Amino acid sequence: MAINSVDHATIVLERHFDVPVERVFEAFADPDARMRWGAPSADTALVYEETDFSVGGRDVSRCGPVGNLLFSVENRYHDIVAGRRIVSTETVSQGDKVLSVALIAVEFTAANSACHLMLTDQIVALDSSDMVAGNRAGLDAALDNLGRYLRRAAA
Amino acid sequence: MTERSVTHATFRIERVYDASPKRVFAAYADPEARRRWFVEGEGWDIESCELDFREGTTEHSTFRFRGGPLIRNDTWYHEIVENQRFVFSYAMVVGDDRISVSLGTVELIPDGNGTRHVYTEQGAYLDGYDNVAQREEGCRQLYEALARELERKKAA
């Protein structure tokens with residue numbers, strides 16, 4: 001990607017979790033839970049500086065390799081329907097530079113006592129940033145962690 | 001109980017204006033100009049309108065169309081590069097129902113002496129209250145109004 005370039009993409013990820021939908025929703029609503037499953041790998045970390053899970057509220061966090069949390073993330077909540085969906089926009093910056101902005105919708109559907117999750121990430125990546133691939137890999141890994149987190153919590 | 005659904009879509013509108021990127025950018029940044037082409041319109045009653053086009057700010061406005069329900073628009077500016085582009089998101093509420101959340105990118109690309117204005121909307125349209133074709137048509141009308149605003153400035 002060139003300087004001054006703008007790259008739009010849509011990423012869709014789906015998961016099936018063998019736990020009730022309320023529990024999966026709670027793992028998104030609770031920032032302490034999110035800190036546990038949200039970092040994509042063991043050598044990365046996610047630390048919240050501000051949290052407000054409510055419509056019109058926002059979370060501010062830092063993330064990156066452990067010991068070098070170089071990315072700053074603002075997540076603003078636009079729509080929350082308990083147990084059904086969360087719509088937010090996520091702005092990722094490094095210093096003064098905005099790397100990407102994404103509209104993220106997470107939809108939860110109850111299937112008997114299990115939960116089907118669909119995450120749609122509509123992203124705009126700005127200037128040479130490799131954020132489309134980064135977002136896809138990061139979210140994919142985070143949802144795998146979420147599965148492990150839910151299984152551990154259920155055990 | 002409301003039937004819950006989310007329709008995801010992306011659309012793109014391109015237009016070439018006979019005005020420099022600087023002038024097109026100013027039509028957004030100058031509150032007086034933007035109120036003229038973006039906010040006011042036949043049949044629209046504006047109840048409140050705060051315009052504040054800066055990175056990191058939020059704008060709120062409320063209005064009605066021909067005496068209909070109250071409509072609210074909340075807009076956030078995520079990134080602004082003067083005379084080149086900006087990225088914003090906006091949420092629309094009609095009465096008590098949130099109908100959409102959208103991520104918009106405006107690119108202003110020099111084209112001869114004019115500007116190629118490219119608008120990309122990535123949207124989540126909620127619970128069947130709005131549809132993509134309708135939203136795209138509404139945006140096309142806005143960019144037609146922007147053409148008139150730029151013509152008006154040229155004539156002045």
# chains A, B, ... in the order shown; residues from 1 in each chain; ligands from 1

call {"tool": "interface_residues", "arguments": {"of": "chain B", "to": "chain A", "cutoff": "9 Å", "atoms": "only C-alpha atoms", "output": "ChimeraX atom specification"}}
result
/B:4-6,8-10,78-79,84-85,87-91,98,101-103,105,107,120,122-124

call {"tool": "select_by_dssp", "arguments": {"residues": "region 10-124 of chain B", "states": "strand (DSSP E or B)", "output": "ChimeraX atom specification"}}
result
/B:10-17,44-49,58-65,71-81,85-94,97-111,114-124

call {"tool": "atom_distance", "arguments": {"atom1": "CA of Val132 (chain A)", "atom2": "CA of Asp7 (chain A)"}}
result
8.0 Å

call {"tool": "residues_around", "arguments": {"residues": "region 24-39 of chain A", "least_positions_apart": "3", "cutoff": "8 Å", "atoms": "only C-alpha atoms", "output": "JSON, numbers by chain"}}
result
{"A": [17, 19, 20, 21, 42, 44, 45, 46, 47, 48, 51, 53, 63, 82, 83, 84, 108, 115, 138, 142, 143, 145, 146, 149, 150]}

call {"tool": "closest_residue", "arguments": {"among": "B:Val118, B:Ala19, B:Ile13, B:Ala29", "to": "Glu151 (chain B)", "atoms": "only C-alpha atoms"}}
result
B:Ala19

call {"tool": "select_by_dssp", "arguments": {"residues": "region 44-153 of chain B", "states": "helix (DSSP H, G or I)", "output": "PyMOL selection string"}}
result
chain B and resi 132-153

call {"tool": "closest_residue", "arguments": {"among": "B:Ala33, B:Thr7, B:Phe53, B:Glu121", "to": "Leu146 (chain B)", "atoms": "only C-alpha atoms"}}
result
B:Ala33

call {"tool": "residues_around", "arguments": {"residues": "region 41-43 of chain B", "least_positions_apart": "5", "cutoff": "9 Å", "atoms": "only C-alpha atoms", "output": "PyMOL selection string"}}
result
chain B and resi 36+64-67+145

call {"tool": "write_last_selection", "arguments": {"atoms": "N, CA, C and O atoms", "output": "mmCIF file, in the first residue's frame"}}
result
data_model
loop_
_atom_site.group_PDB
_atom_site.id
_atom_site.type_symbol
_atom_site.label_atom_id
_atom_site.label_comp_id
_atom_site.auth_asym_id
_atom_site.auth_seq_id
_atom_site.Cartn_x
_atom_site.Cartn_y
_atom_site.Cartn_z
ATOM 1 N N ARG B 36 -25.387 24.985 5.252
ATOM 2 C CA ARG B 36 -26.157 25.285 4.043
ATOM 3 C C ARG B 36 -26.417 24.034 3.208
ATOM 4 O O ARG B 36 -27.540 23.773 2.801
ATOM 5 N N ARG B 64 -36.377 16.870 12.064
ATOM 6 C CA ARG B 64 -37.563 16.118 11.622
ATOM 7 C C ARG B 64 -37.740 16.341 10.140
ATOM 8 O O ARG B 64 -37.358 17.392 9.622
ATOM 9 N N PHE B 65 -38.330 15.357 9.494
ATOM 10 C CA PHE B 65 -38.659 15.529 8.082
ATOM 11 C C PHE B 65 -40.174 15.657 7.959
ATOM 12 O O PHE B 65 -40.913 14.749 8.320
ATOM 13 N N ARG B 66 -40.616 16.791 7.484
ATOM 14 C CA ARG B 66 -42.047 17.085 7.286
ATOM 15 C C ARG B 66 -42.903 16.669 8.478
ATOM 16 O O ARG B 66 -43.877 15.917 8.331
ATOM 17 N N GLY B 67 -42.517 17.128 9.664
ATOM 18 C CA GLY B 67 -43.325 16.880 10.866
ATOM 19 C C GLY B 67 -43.277 15.441 11.377
ATOM 20 O O GLY B 67 -44.054 15.074 12.264
ATOM 21 N N ALA B 145 -26.144 18.323 -3.474
ATOM 22 C CA ALA B 145 -26.240 19.595 -2.734
ATOM 23 C C ALA B 145 -24.853 20.223 -2.575
ATOM 24 O O ALA B 145 -24.702 21.446 -2.644
#

call {"tool": "residues_around", "arguments": {"residues": "His116 (chain A)", "least_positions_apart": "5", "cutoff": "6 Å", "atoms": "only C-alpha atoms", "output": "NGL selection string"}}
result
:A and (15-16 or 108-109)

call {"tool": "residues_around", "arguments": {"residues": "Glu144 (chain B)", "least_positions_apart": "3", "cutoff": "12 Å", "atoms": "only C-alpha atoms", "output": "tab-separated table (two decimals) with C-alpha atoms, in the first residue's frame"}}
result
chain	number	residue	atom	x	y	z
B	13	ILE	CA	-20.05	7.23	-4.57
B	14	GLU	CA	-17.63	9.09	-6.83
B	15	ARG	CA	-18.11	12.57	-8.23
B	16	VAL	CA	-15.83	15.11	-9.81
B	17	TYR	CA	-16.29	18.73	-8.72
B	37	TRP	CA	-25.59	22.15	1.98
B	38	PHE	CA	-25.43	19.31	4.51
B	41	GLY	CA	-33.00	21.20	2.95
B	117	HIS	CA	-14.63	13.22	-4.29
B	137	GLU	CA	-29.73	7.55	-2.56
B	138	GLY	CA	-29.73	9.94	0.42
B	139	CYS	CA	-25.95	10.30	0.15
B	140	ARG	CA	-26.17	10.95	-3.62
B	141	GLN	CA	-28.60	13.79	-2.91
B	147	ALA	CA	-22.18	20.53	-6.09
B	148	ARG	CA	-24.68	23.40	-5.74
B	149	GLU	CA	-22.77	24.79	-2.75
B	150	LEU	CA	-19.52	24.82	-4.73
B	151	GLU	CA	-21.24	26.44	-7.73

call {"tool": "closest_residue", "arguments": {"among": "B:Glu82, B:Tyr129, B:Met92, B:Tyr77", "to": "Ser61 (chain B)", "atoms": "only C-alpha atoms"}}
result
B:Met92

call {"tool": "decode", "arguments": {"residues": "region 21-139 of chain A", "atoms": "C-alpha atoms", "output": "mmCIF file, in the first residue's frame"}}
result
data_model
loop_
_atom_site.group_PDB
_atom_site.id
_atom_site.type_symbol
_atom_site.label_atom_id
_atom_site.label_comp_id
_atom_site.auth_asym_id
_atom_site.auth_seq_id
_atom_site.Cartn_x
_atom_site.Cartn_y
_atom_site.Cartn_z
ATOM 1 C CA VAL A 21 -25.378 -17.028 25.001
ATOM 2 C CA GLU A 22 -25.481 -14.932 28.223
ATOM 3 C CA ARG A 23 -22.054 -16.222 29.222
ATOM 4 C CA VAL A 24 -20.504 -15.325 25.864
ATOM 5 C CA PHE A 25 -22.086 -11.876 25.952
ATOM 6 C CA GLU A 26 -20.746 -11.377 29.485
ATOM 7 C CA ALA A 27 -17.209 -12.174 28.274
ATOM 8 C CA PHE A 28 -17.523 -9.128 25.977
ATOM 9 C CA ALA A 29 -19.290 -6.889 28.486
ATOM 10 C CA ASP A 30 -16.793 -7.416 31.313
ATOM 11 C CA PRO A 31 -13.432 -5.669 30.687
ATOM 12 C CA ASP A 32 -11.638 -7.993 33.142
ATOM 13 C CA ALA A 33 -12.774 -10.982 31.098
ATOM 14 C CA ARG A 34 -11.799 -9.237 27.864
ATOM 15 C CA MET A 35 -8.306 -8.555 29.178
ATOM 16 C CA ARG A 36 -7.920 -12.303 29.655
ATOM 17 C CA TRP A 37 -8.967 -13.424 26.175
ATOM 18 C CA GLY A 38 -8.530 -10.284 24.027
ATOM 19 C CA ALA A 39 -4.770 -10.364 23.449
ATOM 20 C CA PRO A 40 -4.035 -12.567 20.429
ATOM 21 C CA SER A 41 -1.062 -14.467 21.893
ATOM 22 C CA ALA A 42 0.913 -15.088 25.094
ATOM 23 C CA ASP A 43 3.621 -12.592 24.083
ATOM 24 C CA THR A 44 1.089 -9.774 23.548
ATOM 25 C CA ALA A 45 -0.960 -7.894 26.118
ATOM 26 C CA LEU A 46 -4.062 -5.725 26.369
ATOM 27 C CA VAL A 47 -4.418 -3.217 29.205
ATOM 28 C CA TYR A 48 -7.458 -0.997 29.757
ATOM 29 C CA GLU A 49 -6.956 2.619 30.815
ATOM 30 C CA GLU A 50 -10.636 3.513 30.716
ATOM 31 C CA THR A 51 -13.772 1.363 30.368
ATOM 32 C CA ASP A 52 -17.441 2.199 29.960
ATOM 33 C CA PHE A 53 -19.518 -0.554 28.377
ATOM 34 C CA SER A 54 -22.647 1.471 27.629
ATOM 35 C CA VAL A 55 -24.200 3.083 24.569
ATOM 36 C CA GLY A 56 -22.235 6.305 24.016
ATOM 37 C CA GLY A 57 -19.451 5.063 26.321
ATOM 38 C CA ARG A 58 -15.922 4.090 25.361
ATOM 39 C CA ASP A 59 -12.968 1.921 26.305
ATOM 40 C CA VAL A 60 -9.427 3.154 25.939
ATOM 41 C CA SER A 61 -6.708 0.533 25.948
ATOM 42 C CA ARG A 62 -3.109 -0.082 24.986
ATOM 43 C CA CYS A 63 -1.922 -3.235 23.320
ATOM 44 C CA GLY A 64 1.110 -4.724 21.634
ATOM 45 C CA PRO A 65 4.021 -6.982 22.489
ATOM 46 C CA VAL A 66 4.434 -7.487 26.258
ATOM 47 C CA GLY A 67 6.619 -4.646 27.581
ATOM 48 C CA ASN A 68 6.013 -2.493 24.485
ATOM 49 C CA LEU A 69 2.322 -1.617 24.274
ATOM 50 C CA LEU A 70 2.771 0.621 21.258
ATOM 51 C CA PHE A 71 -0.810 0.676 19.997
ATOM 52 C CA SER A 72 -3.504 2.828 21.501
ATOM 53 C CA VAL A 73 -7.107 1.688 20.919
ATOM 54 C CA GLU A 74 -10.327 3.601 21.429
ATOM 55 C CA ASN A 75 -13.495 1.546 21.265
ATOM 56 C CA ARG A 76 -16.748 3.490 21.187
ATOM 57 C CA TYR A 77 -20.060 1.689 21.795
ATOM 58 C CA HIS A 78 -22.914 2.689 19.495
ATOM 59 C CA ASP A 79 -25.469 -0.039 20.050
ATOM 60 C CA ILE A 80 -25.793 -2.702 22.744
ATOM 61 C CA VAL A 81 -28.662 -5.188 22.964
ATOM 62 C CA ALA A 82 -28.016 -7.507 25.926
ATOM 63 C CA GLY A 83 -27.450 -11.083 24.788
ATOM 64 C CA ARG A 84 -27.980 -10.135 21.120
ATOM 65 C CA ARG A 85 -25.445 -7.706 19.710
ATOM 66 C CA ILE A 86 -22.753 -5.083 20.242
ATOM 67 C CA VAL A 87 -21.906 -2.477 17.597
ATOM 68 C CA SER A 88 -18.813 -0.360 18.140
ATOM 69 C CA THR A 89 -16.134 1.577 16.284
ATOM 70 C CA GLU A 90 -12.495 0.906 17.036
ATOM 71 C CA THR A 91 -9.738 3.403 16.252
ATOM 72 C CA VAL A 92 -6.166 2.103 16.414
ATOM 73 C CA SER A 93 -3.321 4.645 16.652
ATOM 74 C CA GLN A 94 0.409 4.580 17.098
ATOM 75 C CA GLY A 95 1.578 7.887 18.551
ATOM 76 C CA ASP A 96 -0.279 10.624 16.636
ATOM 77 C CA LYS A 97 -0.911 8.436 13.629
ATOM 78 C CA VAL A 98 -4.286 6.763 13.101
ATOM 79 C CA LEU A 99 -3.635 3.358 11.528
ATOM 80 C CA SER A 100 -7.177 2.089 11.106
ATOM 81 C CA VAL A 101 -10.802 2.629 12.015
ATOM 82 C CA ALA A 102 -13.223 -0.291 12.101
ATOM 83 C CA LEU A 103 -16.947 -0.725 12.535
ATOM 84 C CA ILE A 104 -17.337 -3.951 14.465
ATOM 85 C CA ALA A 105 -20.664 -5.727 14.950
ATOM 86 C CA VAL A 106 -20.804 -8.823 17.142
ATOM 87 C CA GLU A 107 -24.046 -10.777 16.876
ATOM 88 C CA PHE A 108 -24.961 -13.523 19.352
ATOM 89 C CA THR A 109 -27.569 -16.151 18.512
ATOM 90 C CA ALA A 110 -28.809 -18.725 21.004
ATOM 91 C CA ALA A 111 -28.831 -22.305 19.668
ATOM 92 C CA ASN A 112 -30.392 -24.516 22.372
ATOM 93 C CA SER A 113 -27.938 -24.088 25.258
ATOM 94 C CA ALA A 114 -25.080 -23.047 22.944
ATOM 95 C CA CYS A 115 -24.154 -19.789 21.221
ATOM 96 C CA HIS A 116 -23.386 -18.910 17.635
ATOM 97 C CA LEU A 117 -21.262 -15.793 17.305
ATOM 98 C CA MET A 118 -20.782 -13.748 14.158
ATOM 99 C CA LEU A 119 -18.310 -10.894 14.130
ATOM 100 C CA THR A 120 -18.321 -8.498 11.166
ATOM 101 C CA ASP A 121 -15.383 -6.112 10.988
ATOM 102 C CA GLN A 122 -15.744 -3.360 8.368
ATOM 103 C CA ILE A 123 -12.364 -1.707 8.376
ATOM 104 C CA VAL A 124 -10.594 1.185 6.718
ATOM 105 C CA ALA A 125 -6.793 0.922 6.875
ATOM 106 C CA LEU A 126 -4.854 4.148 6.351
ATOM 107 C CA ASP A 127 -1.506 4.734 4.615
ATOM 108 C CA SER A 128 0.728 1.731 4.173
ATOM 109 C CA SER A 129 -0.555 0.176 7.368
ATOM 110 C CA ASP A 130 -1.006 -3.552 7.180
ATOM 111 C CA MET A 131 -4.054 -3.322 9.403
ATOM 112 C CA VAL A 132 -6.482 -5.411 7.366
ATOM 113 C CA ALA A 133 -4.337 -8.534 7.702
ATOM 114 C CA GLY A 134 -3.420 -7.533 11.270
ATOM 115 C CA ASN A 135 -7.047 -7.121 12.284
ATOM 116 C CA ARG A 136 -8.066 -10.424 10.753
ATOM 117 C CA ALA A 137 -5.265 -12.369 12.435
ATOM 118 C CA GLY A 138 -5.725 -10.573 15.767
ATOM 119 C CA LEU A 139 -9.495 -11.080 15.947
#
